[in-house]
Amino acid sequence: MSTHVVVSHGSDFFGQDQFPVRQLRELGQYVRGVLPAADHPPLTELLDDAGDTEHAIDSDRAALLAILLRRAAASRRLKKAYAETAARLGIAAATAAAAPEPWTWTTTTERSNQ
């Protein structure tokens, strides 16, 4: 079984993006190294909770997270795969903030076909 987080306001046909929980938590660890210590807690708390708690993030907080995610994505120190994840999350957060609608994170579990 693999656990994923489905994020609203994403880029697919249904307006969602899906990320493995492990990838989001690893992104949280990398963000600690690329953003100033005073800036990363709102973002790292969300990423650390990925898969454990479902979230409905208000538009003001989504706007802040969009800024932090875009800063992280732009960092040369962030590995490419994580920069792409941060960029996709940043776009989704900015879209939710502009709507203004809650930016939701929902956990889903998929069975592997083995």
# chains A, B, ... in the order shown; residues from 1 in each chain; ligands from 1
>>> residues_around(residues="Ala73 of chain A", least_positions_apart="5", cutoff="6 Å", atoms="only C-alpha atoms", output="PyMOL selection string")
chain A and resi 83+86-87
>>> write_last_selection(atoms="all heavy atoms", output="PDB file, in the first residue's frame")
ATOM      1  N   ALA A  83      12.353  20.423  -6.276  1.00  0.00           N
ATOM      2  CA  ALA A  83      12.035  21.762  -6.784  1.00  0.00           C
ATOM      3  C   ALA A  83      10.761  21.713  -7.620  1.00  0.00           C
ATOM      4  O   ALA A  83       9.914  22.613  -7.534  1.00  0.00           O
ATOM      5  CB  ALA A  83      13.197  22.318  -7.595  1.00  0.00           C
ATOM      6  N   ALA A  86       7.840  21.355  -5.194  1.00  0.00           N
ATOM      7  CA  ALA A  86       7.603  22.642  -4.534  1.00  0.00           C
ATOM      8  C   ALA A  86       6.933  23.618  -5.488  1.00  0.00           C
ATOM      9  O   ALA A  86       6.019  24.357  -5.094  1.00  0.00           O
ATOM     10  CB  ALA A  86       8.914  23.223  -4.010  1.00  0.00           C
ATOM     11  N   ALA A  87       7.345  23.626  -6.748  1.00  0.00           N
ATOM     12  CA  ALA A  87       6.743  24.528  -7.739  1.00  0.00           C
ATOM     13  C   ALA A  87       5.271  24.174  -7.974  1.00  0.00           C
ATOM     14  O   ALA A  87       4.408  25.064  -8.004  1.00  0.00           O
ATOM     15  CB  ALA A  87       7.528  24.480  -9.041  1.00  0.00           C
TER      16      ALA A  87
END
>>> residues_around(residues="segment 91-101 of chain A", least_positions_apart="6", cutoff="6 Å", atoms="only C-alpha atoms", output="JSON, numbers by chain")
{"A": [9, 10, 59, 62, 63, 66]}
>>> write_last_selection(atoms="N, CA, C and O atoms", output="short mmCIF file (atom, residue, chain, number, x, y, z; two decimals), in the first residue's frame")
data_model
loop_
_atom_site.label_atom_id
_atom_site.label_comp_id
_atom_site.auth_asym_id
_atom_site.auth_seq_id
_atom_site.Cartn_x
_atom_site.Cartn_y
_atom_site.Cartn_z
N HIS A 9 -6.79 22.38 -6.21
CA HIS A 9 -6.31 23.49 -7.04
C HIS A 9 -5.05 23.13 -7.83
O HIS A 9 -4.24 23.97 -8.14
N GLY A 10 -4.93 21.84 -8.14
CA GLY A 10 -3.77 21.36 -8.87
C GLY A 10 -3.94 21.45 -10.37
O GLY A 10 -4.85 22.10 -10.89
N SER A 59 -7.35 30.94 2.57
CA SER A 59 -6.68 31.59 1.45
C SER A 59 -5.50 32.47 1.87
O SER A 59 -4.51 32.57 1.15
N ALA A 62 -2.71 30.08 2.53
CA ALA A 62 -2.30 29.51 1.25
C ALA A 62 -1.41 30.49 0.48
O ALA A 62 -0.44 30.08 -0.16
N ALA A 63 -1.72 31.78 0.57
CA ALA A 63 -0.90 32.79 -0.10
C ALA A 63 0.52 32.80 0.47
O ALA A 63 1.50 32.86 -0.27
N ALA A 66 2.31 29.69 -0.66
CA ALA A 66 2.68 29.80 -2.07
C ALA A 66 4.01 30.53 -2.22
O ALA A 66 4.88 30.11 -2.98
#
>>> atom_distance(atom1="atom CA of Leu65 of chain A", atom2="atom CA of Pro36 of chain A")
14.1 Å
>>> select_by_dssp(residues="segment 22-80 of chain A", states="alpha helix (DSSP H)", output="VMD selection string")
chain A and resid 22 to 34 41 to 48 59 to 74 80
>>> residues_around(residues="Ala50 of chain A", least_positions_apart="6", cutoff="7 Å", atoms="only C-alpha atoms", output="list in words")
Val5, Val21, Leu24 and Arg25 of chain A
>>> closest_residue(among="A:Arg70, A:Thr107, A:Arg77, A:Asp17", to="Asp52 of chain A", atoms="only C-alpha atoms")
A:Thr107
>>> atom_distance(atom1="atom CA of Ser11 of chain A", atom2="atom CA of Thr108 of chain A")
17.9 Å
>>> residues_around(residues="Leu47 of chain A", least_positions_apart="6", cutoff="12 Å", atoms="only C-alpha atoms", output="PyMOL selection string")
chain A and resi 5+19-32+40-41+53-55+65+69+85-86+89+105
>>> select_by_dssp(residues="chain A", states="strand (DSSP E)", output="list in words")
Ser2, Thr3, His4, Val5, Val6, Val7, Ser8, Gln16, Asp17, Gln18, Phe19, Pro20, His55, Ala56, Ile57, Trp103, Thr104, Trp105, Thr106, Thr107, Thr108, Thr109 and Glu110 of chain A
>>> residues_around(residues="Arg71 of chain A", least_positions_apart="4", cutoff="8 Å", atoms="only C-alpha atoms", output="compact mmCIF listing (two decimals) with N, CA and C atoms, in the first residue's frame")
# COMPACT_ATOMS: atom_id res chain seq x y z
N LEU A 35 15.50 27.47 3.10
CA LEU A 35 14.81 28.69 3.55
C LEU A 35 15.38 29.11 4.89
N ILE A 67 4.17 31.60 -1.47
CA ILE A 67 5.42 32.37 -1.51
C ILE A 67 6.59 31.51 -1.03
N SER A 75 15.39 27.83 -5.25
CA SER A 75 16.71 27.65 -4.67
C SER A 75 17.56 26.69 -5.49
